[in-house]
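What follows is a single structure, written as structure tokens, with notes after it.
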Amino acid sequence: MALSHDEPERPEPTAGPEPKGEPHFRPYHHPAAGWGAAKSVSQVLVREGALVDGPRAIMRMNHENTGFDCPGCAWPDDTKGLHLDICENGIKHVTWEMTRKRVGREFFAAHSVTELFDWSDFELEDQGRLTEPMVYDADTDHYVPISWKDAFAVVGRALRELDHPNQASFYTSGRLGNEATFLYQLMARELGTNNLPDCSNMCHEASGRALEASLGTGKGTVDLKDWESADALFILGVNAASNAPRMLTALAEAYHRGARIVHVNPLVEAAATRTIVPHDFMDMALFKSTRTSTLNLQPRIGGDMALLRGMAKVVLEQARTEPKALDQEFIDRHTAGFEDYRALCEATSWEEIENQSGLDRADILKAARVYSDADRSIVSWCLGISQHEHGVDTVREIVNLLLLRGNLGREGAGPSPVRGHSNVQGNRTCGIDHRPPDEFLDRLSEVCGIEPPREHGLDTVGTIEAMHRGDVKVFVGMGGNFAHAAPDTPYTYAALRSCDLTVQVSTKLNRSHLVHGRQALILPCLGRTEKDHQRGGIQSTSVEDSMSMVHLSVGMKRPASRHLLSEPAIIAGMARAALPDSRTRWEWYVEDYDRIRDTMAQALDGFEDFNRRVRLPLGFRIKQPARELVFLTPSGRAEFSTAPLPDVVPAPGTLALGTMRSHDQWNTTIYSDNDRYRGVKNLRTLVFMNKDDMRERGISEFGPVNITSIAKDGSTRSLDGFLALPYDIPRGCAAGYMPEMNVLCAISDYSVQSDQPLMKHVKVTITSAA
Ligand SMILES: Nc1nc2c(c(=O)[nH]1)N[C@H]1C(S)=C(S)[C@@H](COP(=O)(O)OP(=O)(O)OC[C@H]3O[C@@H](n4cnc5c(=O)[nH]c(N)nc54)[C@H](O)[C@@H]3O)O[C@H]1N2
Ligand SMILES: Nc1nc2c(c(=O)[nH]1)N[C@H]1C(S)=C(S)[C@@H](COP(=O)(O)OP(=O)(O)OC[C@H]3O[C@@H](n4cnc5c(=O)[nH]c(N)nc54)[C@H](O)[C@@H]3O)O[C@H]1N2
Ligand SMILES: [Mo]
């Protein structure tokens with residue numbers, strides 16, 4: 001294949017993906033990381049032909065302002081200058097971006113869209129990096145090259161021809177840097193729409209809304225230093241060893257210094273047993289595993305809120321004889337609604353708590369004891385908490401529990417959501433919000449001289465519905481893979497296909513390029529590892545991690561192709577074409593990102609003196625008022641919530657199914673069909689079930705099953721050809737992988753509290769298909 005980029009053609013690496021063998025399952029509790037990790041990394045390095053560049057780049061990852069930020073998860077960088085603050089999955093992620101494989105015009109000439117549609121997600125991304133802009137040619141059913149100028153003209157014309165700017169929707173995946181994010185939302189709002197759906201709508205929307213309601217700011221209050229001084233850590237609904245591996249370092253350190261760690265998860269995941277801290281896995285001399293758990297609790301799916309209520313009930317009961325169990329002074333000075341919450345806990349029976357949590361009172365007591373014995377507690381959580389109907393109530397219950405003992409606004413204590421994509425938190429801070437607050441818009445208007453629309457826009461689910469109705473005609477995907485990340489796959493496909501124009505700004509080929517509108521563009525962009533040359537020299541971008549630290553990321557590698565543009569440049573190109581009379585100096589911004597940062601410093605709260613502070617050794621932390629015990633709530637205090645416990649017990653014959661990630665995938669990007677820590681090889685179309693639920697249904701290990709979901713509106717969706725595996729999971733619960741299982745997630749099944757699709761709680765029946 002001839003390549004349209006500026007590097008000399010190199011032979012393709014000889015080692016391909018591991019040959020796919022027979023499905024294999026051997027559940028074992030293995031220390032996270034270690035030799036398996038080293039093997040898994042080296043396979044990816046060889047496959048992507050990155051044996052030389054890979055290791056060199058890895059040495060520059062997560063280095064103070066001189067390297068690039070790992071484009072993987074949002075776990076914060078080590079504060080003490082750890083030299084290899086990296087992990088197996090971060091390396092895989094970077095290597096995936098740095099592959100030597102390329103998708104050029106010859107590739108698209110050789111394969112029609114209809115043909116490519118039959119390829120697997122792995123095969124699509126495995127073709128390598130996209131190299132030049134492409135436009136869909138309906139006559140031949142092929143993508144053909146288009147110049148950047150013409151591509152922008154296509155976007156500009158389609159946007160200008162709309163009857164109303166709300167007929168366009170602008171999606172963001174959480175990779176986009178802060179500077180590009182600011183320009184992107186500015187473009188949408190200058191056009192006149194708040195239709196800014198993002199991956200957060202499927203991820204941590206519930207966490208943001210709950211923290212906003214309870215504490216007045218939608219973010220966690222703790223940082224890594226707090227993790228280092230907590231006496232107790234509660235880790236709920238996170239598969240840290242796969243999805244936030246650098247958390248293992250914090251957990252191992254905590255365990256060493258005598259902190260107690262409670263894991264709450266229907267599945268006992270790898271991080272909940274023993275671990276080898278991530279940066280040690282390269283150095284096998286240090287091969288030594290550390291315990292990372294005091295207590296493992298396995299609630300039923302959705303049972304966390306009842307567990308938390310039970311723990312609060314224990315603390316309140318204990319306070320009758322030991323007043324110190326409560327921090328009454330904190331409660332009196334800083335909170336509102338305590339008496340109502342106490343009454344609610346008293347009125348909630350143990351029977352209900354045990355039934356709804358799926359846990360014994362004795363186990364809940366153990367967890368509560370760990371909590372009340374600790375002077376400083378942190379509660380951390382991820383999707384196992386947020387992707388539920390009652391995600392907001394559950395996160396608020398986490399805060400309720402923390403407030404009882406004043407675990408807020410002091411060292412070593414507080415709520416700590418673990419975000420997903422590396423800059424998903426920064427996206428929201430910098431304006432990706434379909435429900436922007438008025439104060440934000442007022443300031444944007446004043447600083448940027450635009451009249452932003454005031455009515456709320458569409459989120460992810462809302463956008464899909466609007467496309468179906470014909471109300472949204474132009475879809476722009478700034479990164480991500482909307483077609484496969486969103487729920488209800490066939491419904492989402494039909495929505496995208498009904499658009500007049502779909503535009504995907506991407507680094508690699510994925511399903512969203514093949515499920516497209518009448519007109520379609522693929523606009524390839526620089527990745528985070530690559531040098532971003534603009535008129536003002538090499539540019540850096542900034543990102544915000546899970547703990548509100550903002551720091552710079554500088555690419556170091558030659559771009560995959562000389563035809564790639566940076567994301568800010570692509571946004572500016574689209575904006576200029578769509579807004580010919582714009583007074584915003586789009587090109588001027590792109591010449592030097594310091595100029596974007598200067599505007600952001602004026603427009604965004606917490607970004608004062610941005611250009612200077614972001615260049616400090618570890619960047620800077622965005623002020624979190626709740627951390628200073630300043631609560632921007634109606635009462636000016638931290639607010640207890642008093643939601644009733646939801647009924648999460650599956651109806652007879654049904655199971656609660658959670659969709660999740662394997663160890664070898666990044667959301668919709670699949671690295672292999674293995675899931676090492678769960679003991680699975682060569683299989684993704686599986687469902688983990690309790691062995692008694694399998695026996696009751698006459699299903700054997702590797703037995704074929706039919707999975708049917710039942711939506712709130714009664715409609716059903718089915719998957720065939722999946723195989724069942726017996727797993728240590730509570731009865732009535734089942735689990736399997738996204739995105740294959742998104743077919744089962746009905747578009748109508750989203751939380752009324754957060755508008756998030758119920759990806760961790762799908763009501764299903766599973767029957768033997770043998
Ligand atoms: N390598 C890698 N890293 C990633 C990602 C990736 O795909 N690959 N994705 C990134 C993104 S965008 C995100 S949002 C995060 C996601 O990180 P996670 O939240 O760890 O993602 P999931 O794999 O969906 O796993 C959720 C966990 O919740 C548990 N769970 C399911 N239901 C419940 C429940 O009702 N209660 C409790 N307590 N637990 C439950 C599951 O058993 C599983 O361990 O990771 C980020 N990091
Ligand atoms: N059933 C179910 N569905 C889920 C979830 C679940 O737990 N269960 N989780 C949800 C969650 S938490 C999330 S965050 C979403 C994820 O949703 P998305 O963020 O939309 O999906 P990703 O798979 O992360 O996107 C991968 C694509 O991003 C592009 N890409 C990679 N790097 C860059 C870059 O630097 N710039 C640009 N422009 N593009 C790039 C590549 O082309 C790649 O194919 O999925 C959601 N969907
Ligand atoms: Mo996410």
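Residue numbers start at 1 in each chain; chains themselves are named A, B, ... in the order of the structure tokens; ligands are numbered from 1 in the order shown.
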
Query raised in the report: Once you count only C-alpha atoms and all ligand atoms, which residues end up within 7 Å of ligand 1, and could you hand them over as number ranges by chain?
Result: A: 72-73, 89, 203, 236-240, 242-244, 264-267, 269, 299-304, 382-385, 419-421, 658-667, 760

Contact table region 416-472 of chain A vs region 528-541 of chain A, cut-off 12 Å, shortest pair per residue, only C-alpha atoms, as a tab-separated table:
residue	atom	partner	partner_atom	distance
A:Ser422	CA	A:Arg528	CA	10.8
A:Asn423	CA	A:Thr541	CA	11.0
A:Gly426	CA	A:Thr541	CA	11.5

With N, CA and C atoms kept, could you save the residues just selected as a short mmCIF file (atom, residue, chain, number, x, y, z; two decimals), in the first residue's frame?
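And here's part_25.cif as it stands now:
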data_model
loop_
_atom_site.label_atom_id
_atom_site.label_comp_id
_atom_site.auth_asym_id
_atom_site.auth_seq_id
_atom_site.Cartn_x
_atom_site.Cartn_y
_atom_site.Cartn_z
N SER A 422 -9.27 11.13 29.41
CA SER A 422 -8.22 11.95 30.02
C SER A 422 -8.61 13.42 30.20
N ASN A 423 -9.48 13.97 29.34
CA ASN A 423 -9.85 15.38 29.56
C ASN A 423 -11.35 15.60 29.62
N GLY A 426 -12.07 18.44 31.92
CA GLY A 426 -11.70 19.73 31.34
C GLY A 426 -12.71 20.18 30.28
#

Report task. Pick out the residues no farther than 7 Å from ligand 2, counting only C-alpha atoms and all ligand atoms, and list them as a ChimeraX atom specification. Result -> /A:125,173-176,199-200,202-203,383,420-421,478-482,485-487,505-510,525-528,567,659-661,666-669,738-739,741-742,745,759-760

**Report entry** Long-range neighbours of Asp126 (chain A) as JSON, numbers by chain, 12 Å cut-off, only C-alpha atoms, 3 positions minimum in chain
**Finding:** {"A": [16, 17, 44, 47, 48, 49, 95, 96, 97, 98, 99, 100, 101, 102, 103, 119, 120, 121, 122, 123, 129, 130, 507, 508, 509, 510, 669, 670, 671, 672]}

Emit the selected residues as an mmCIF file, in the first residue's frame, including C-alpha atoms.
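Okay, this is what ended up in part-v9.cif:
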data_model
loop_
_atom_site.group_PDB
_atom_site.id
_atom_site.type_symbol
_atom_site.label_atom_id
_atom_site.label_comp_id
_atom_site.auth_asym_id
_atom_site.auth_seq_id
_atom_site.Cartn_x
_atom_site.Cartn_y
_atom_site.Cartn_z
ATOM 1 C CA GLY A 16 0.103 -9.660 13.662
ATOM 2 C CA PRO A 17 -2.481 -9.878 16.412
ATOM 3 C CA VAL A 44 0.880 -4.276 21.219
ATOM 4 C CA ARG A 47 1.847 -5.269 16.399
ATOM 5 C CA GLU A 48 1.872 -1.514 15.943
ATOM 6 C CA GLY A 49 5.491 -1.527 14.788
ATOM 7 C CA THR A 95 1.211 2.803 21.181
ATOM 8 C CA TRP A 96 -2.154 2.464 19.512
ATOM 9 C CA GLU A 97 -1.937 6.129 18.509
ATOM 10 C CA MET A 98 1.714 5.873 17.436
ATOM 11 C CA THR A 99 1.259 2.883 15.151
ATOM 12 C CA ARG A 100 3.176 2.888 11.874
ATOM 13 C CA LYS A 101 0.182 1.583 9.989
ATOM 14 C CA ARG A 102 -1.666 4.087 7.794
ATOM 15 C CA VAL A 103 -5.053 4.341 6.128
ATOM 16 C CA TRP A 119 -15.280 -5.719 9.235
ATOM 17 C CA SER A 120 -14.916 -6.012 13.001
ATOM 18 C CA ASP A 121 -14.186 -2.981 15.164
ATOM 19 C CA PHE A 122 -10.749 -4.406 15.828
ATOM 20 C CA GLU A 123 -10.012 -4.771 12.112
ATOM 21 C CA ARG A 129 -3.892 6.200 11.385
ATOM 22 C CA LEU A 130 -6.065 8.196 9.023
ATOM 23 C CA THR A 507 -7.417 9.610 14.387
ATOM 24 C CA LYS A 508 -8.461 6.103 13.373
ATOM 25 C CA LEU A 509 -11.077 4.410 11.256
ATOM 26 C CA ASN A 510 -14.118 3.340 13.249
ATOM 27 C CA THR A 669 -11.425 0.367 20.713
ATOM 28 C CA ILE A 670 -10.709 -3.341 21.100
ATOM 29 C CA TYR A 671 -7.050 -4.366 21.512
ATOM 30 C CA SER A 672 -7.692 -8.102 21.737
#

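The shell of residues at most 8 Å from Thr765 (chain A), with only C-alpha atoms counted and near chain neighbours (fewer than 6 positions) removed, consists of Gly653, Thr654, Leu655, Ile707, Thr708, Ser709 and Ile710 of chain A.
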
Requested in this report: Between A:Asp749, A:Glu115, A:Asp198, A:Asp150, single out the one closest to ligand 3, counting only C-alpha atoms and all ligand atoms.
Outcome: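 Going through A:Asp749, A:Glu115, A:Asp198, A:Asp150 one by one, the smallest distance to ligand 3 is for A:Asp198.
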
Requested in this report: Excluding region 186-191 of chain A and any residue of its chain fewer than 6 positions from it, enumerate the residues within 10 Å of it, using only C-alpha atoms, and give them as an MDAnalysis selection string.
Outcome: chainID A and resid 159:160 164:166 168:170 180 430:432 441 444:445 448:454 571:572 574:576 578:579 582:584 586

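Among the candidates A:Met694, A:Val222, A:Val764, A:Ala724, the residue lying nearest to Arg621 (chain A) is A:Val222 (atoms considered: only C-alpha atoms).
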
Query raised in the report: Which of these residues is nearest to ligand 3, using only C-alpha atoms and all ligand atoms: A:Leu402, A:Leu408, A:Ile91, A:Val418?
Result: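 Closest candidate: A:Val418.
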
Query - Residues within 12 Å of Asp139 (chain A), only C-alpha atoms, excluding chain neighbours under 4 positions, as number ranges by chain - result: A: 112-113, 135, 143-144, 518-519

Residue subset to file, keeping all heavy atoms, as a compact mmCIF listing (two decimals), in the first residue's frame:
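Written output follows (part_16.txt):
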# COMPACT_ATOMS: atom_id res chain seq x y z
N SER A 112 -15.12 -0.64 -0.38
CA SER A 112 -16.33 0.20 -0.31
C SER A 112 -16.79 0.29 1.13
O SER A 112 -16.41 -0.52 1.99
CB SER A 112 -17.44 -0.41 -1.16
OG SER A 112 -17.92 -1.60 -0.53
N VAL A 113 -17.65 1.26 1.41
CA VAL A 113 -18.18 1.42 2.76
C VAL A 113 -19.01 0.20 3.14
O VAL A 113 -18.93 -0.30 4.27
CB VAL A 113 -18.99 2.73 2.87
CG1 VAL A 113 -19.78 2.79 4.17
CG2 VAL A 113 -18.05 3.93 2.75
N VAL A 135 -14.16 12.33 1.72
CA VAL A 135 -15.59 12.62 1.62
C VAL A 135 -16.28 11.40 1.02
O VAL A 135 -15.71 10.70 0.18
CB VAL A 135 -15.84 13.90 0.78
CG1 VAL A 135 -15.38 13.70 -0.67
CG2 VAL A 135 -17.30 14.32 0.82
N TYR A 143 -15.22 6.23 0.09
CA TYR A 143 -14.68 7.52 0.51
C TYR A 143 -13.60 7.92 -0.48
O TYR A 143 -12.79 7.08 -0.90
CB TYR A 143 -14.07 7.42 1.91
CG TYR A 143 -15.08 7.64 3.03
CD1 TYR A 143 -15.60 6.57 3.75
CD2 TYR A 143 -15.50 8.94 3.36
CE1 TYR A 143 -16.52 6.78 4.78
CE2 TYR A 143 -16.41 9.15 4.38
CZ TYR A 143 -16.93 8.07 5.09
OH TYR A 143 -17.83 8.29 6.10
N VAL A 144 -13.61 9.19 -0.89
CA VAL A 144 -12.60 9.69 -1.83
C VAL A 144 -11.94 10.94 -1.22
O VAL A 144 -12.52 11.62 -0.38
CB VAL A 144 -13.23 10.05 -3.21
CG1 VAL A 144 -13.76 8.79 -3.89
CG2 VAL A 144 -14.33 11.09 -3.04
N ARG A 518 -26.27 11.45 4.61
CA ARG A 518 -26.29 11.51 3.14
C ARG A 518 -24.94 12.00 2.61
O ARG A 518 -24.37 11.47 1.69
CB ARG A 518 -27.42 12.47 2.72
CG ARG A 518 -27.90 12.33 1.30
CD ARG A 518 -29.20 13.10 1.07
NE ARG A 518 -29.18 14.46 1.62
CZ ARG A 518 -28.55 15.50 1.07
NH1 ARG A 518 -27.90 15.36 -0.06
NH2 ARG A 518 -28.60 16.69 1.64
N GLN A 519 -24.42 13.04 3.24
CA GLN A 519 -23.05 13.48 2.97
C GLN A 519 -22.21 13.11 4.20
O GLN A 519 -22.73 13.18 5.32
CB GLN A 519 -22.99 14.99 2.83
CG GLN A 519 -23.49 15.55 1.53
CD GLN A 519 -23.20 17.05 1.51
OE1 GLN A 519 -23.80 17.79 2.28
NE2 GLN A 519 -22.28 17.47 0.68

Query - Point-to-point distance in Å for CA of Thr685 (chain A) and CA of Ala770 (chain A) - result: 15.5 Å

Requested in this report: With a distance cut-off of 8 Å and only C-alpha atoms, select the neighbouring residues of region 347-357 of chain A, excluding the residue or stretch itself and same-chain residues fewer than 3 positions from it, and output the selection as a PyMOL selection string.
Outcome: chain A and resi 299-300+302-307+309-310+343-344+360-361+645-649

What would the file look like if the residues just selected were written as a PDB file, in the first residue's frame with N, CA and C atoms?
ATOM      1  N   PRO A 299     -22.288  -6.239  46.548  1.00  0.00           N
ATOM      2  CA  PRO A 299     -23.724  -5.955  46.547  1.00  0.00           C
ATOM      3  C   PRO A 299     -24.340  -6.442  45.240  1.00  0.00           C
ATOM      4  N   ARG A 300     -25.650  -6.481  45.200  1.00  0.00           N
ATOM      5  CA  ARG A 300     -26.291  -6.751  43.915  1.00  0.00           C
ATOM      6  C   ARG A 300     -26.119  -5.507  43.046  1.00  0.00           C
ATOM      7  N   GLY A 302     -26.823  -2.254  41.473  1.00  0.00           N
ATOM      8  CA  GLY A 302     -27.725  -1.179  41.910  1.00  0.00           C
ATOM      9  C   GLY A 302     -27.928  -1.144  43.421  1.00  0.00           C
ATOM     10  N   GLY A 303     -27.235  -2.035  44.158  1.00  0.00           N
ATOM     11  CA  GLY A 303     -27.473  -2.124  45.606  1.00  0.00           C
ATOM     12  C   GLY A 303     -26.642  -1.176  46.462  1.00  0.00           C
ATOM     13  N   ASP A 304     -25.834  -0.349  45.831  1.00  0.00           N
ATOM     14  CA  ASP A 304     -24.908   0.498  46.589  1.00  0.00           C
ATOM     15  C   ASP A 304     -25.604   1.512  47.494  1.00  0.00           C
ATOM     16  N   MET A 305     -26.693   2.066  46.999  1.00  0.00           N
ATOM     17  CA  MET A 305     -27.344   3.108  47.795  1.00  0.00           C
ATOM     18  C   MET A 305     -27.854   2.519  49.114  1.00  0.00           C
ATOM     19  N   ALA A 306     -28.385   1.296  49.051  1.00  0.00           N
ATOM     20  CA  ALA A 306     -28.876   0.660  50.274  1.00  0.00           C
ATOM     21  C   ALA A 306     -27.710   0.373  51.230  1.00  0.00           C
ATOM     22  N   LEU A 307     -26.579  -0.043  50.670  1.00  0.00           N
ATOM     23  CA  LEU A 307     -25.391  -0.271  51.502  1.00  0.00           C
ATOM     24  C   LEU A 307     -24.982   1.021  52.211  1.00  0.00           C
ATOM     25  N   ARG A 309     -26.784   3.638  52.834  1.00  0.00           N
ATOM     26  CA  ARG A 309     -27.821   3.998  53.817  1.00  0.00           C
ATOM     27  C   ARG A 309     -27.638   3.169  55.091  1.00  0.00           C
ATOM     28  N   GLY A 310     -27.308   1.890  54.880  1.00  0.00           N
ATOM     29  CA  GLY A 310     -27.070   1.010  56.022  1.00  0.00           C
ATOM     30  C   GLY A 310     -25.879   1.493  56.851  1.00  0.00           C
ATOM     31  N   ALA A 343     -33.870  11.064  60.363  1.00  0.00           N
ATOM     32  CA  ALA A 343     -35.192  10.435  60.474  1.00  0.00           C
ATOM     33  C   ALA A 343     -35.382   9.390  59.369  1.00  0.00           C
ATOM     34  N   LEU A 344     -34.906   9.739  58.166  1.00  0.00           N
ATOM     35  CA  LEU A 344     -35.039   8.800  57.047  1.00  0.00           C
ATOM     36  C   LEU A 344     -34.243   7.514  57.303  1.00  0.00           C
ATOM     37  N   ASP A 360     -25.540  -8.862  53.842  1.00  0.00           N
ATOM     38  CA  ASP A 360     -25.971  -9.105  55.225  1.00  0.00           C
ATOM     39  C   ASP A 360     -25.691  -7.883  56.075  1.00  0.00           C
ATOM     40  N   ARG A 361     -26.521  -7.771  57.098  1.00  0.00           N
ATOM     41  CA  ARG A 361     -26.320  -6.665  58.044  1.00  0.00           C
ATOM     42  C   ARG A 361     -24.905  -6.727  58.640  1.00  0.00           C
ATOM     43  N   LEU A 645     -35.006   4.662  49.118  1.00  0.00           N
ATOM     44  CA  LEU A 645     -34.218   3.631  48.423  1.00  0.00           C
ATOM     45  C   LEU A 645     -34.992   3.129  47.212  1.00  0.00           C
ATOM     46  N   PRO A 646     -34.314   3.023  46.068  1.00  0.00           N
ATOM     47  CA  PRO A 646     -35.001   2.489  44.883  1.00  0.00           C
ATOM     48  C   PRO A 646     -35.169   0.975  45.022  1.00  0.00           C
ATOM     49  N   ASP A 647     -36.132   0.436  44.313  1.00  0.00           N
ATOM     50  CA  ASP A 647     -36.289  -1.014  44.289  1.00  0.00           C
ATOM     51  C   ASP A 647     -35.438  -1.568  43.153  1.00  0.00           C
ATOM     52  N   VAL A 648     -34.372  -2.255  43.511  1.00  0.00           N
ATOM     53  CA  VAL A 648     -33.459  -2.769  42.480  1.00  0.00           C
ATOM     54  C   VAL A 648     -33.448  -4.297  42.433  1.00  0.00           C
ATOM     55  N   VAL A 649     -34.368  -4.919  43.149  1.00  0.00           N
ATOM     56  CA  VAL A 649     -34.403  -6.386  43.151  1.00  0.00           C
ATOM     57  C   VAL A 649     -35.025  -6.855  41.835  1.00  0.00           C
TER      58      VAL A 649
END

Requested in this report: Between A:Ile331, A:Ala110, A:Cys70, A:Ala520, single out the one closest to Ala138 (chain A), counting only C-alpha atoms.
Outcome: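 Of all the options, A:Ala520 lies closest to Ala138 (chain A).
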
Report task. Find the residue from A:Ser372, A:Ala651, A:Val630, A:Trp75 that sits nearest to Ala319 (chain A); use only C-alpha atoms when measuring. Result -> A:Ser372

Query - helix (DSSP H, G or I) residues, from DSSP on the backbone, in region 286-465 of chain A, as a ChimeraX atom specification - result: /A:286,304-321,323-325,328-334,338-347,350-357,361-373,383-386,391-404,424-429,438-448,460-465

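Note that CA of Ala483 (chain A) and CA of Asp720 (chain A) are 20.6 Å apart.
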
Report task. Determine the nearest neighbour of Val590 (chain A) from the options A:Glu446, A:Glu179, A:Asp163, A:Asp393, counting only C-alpha atoms. Result ->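 Of all the options, A:Glu179 lies closest to Val590 (chain A).
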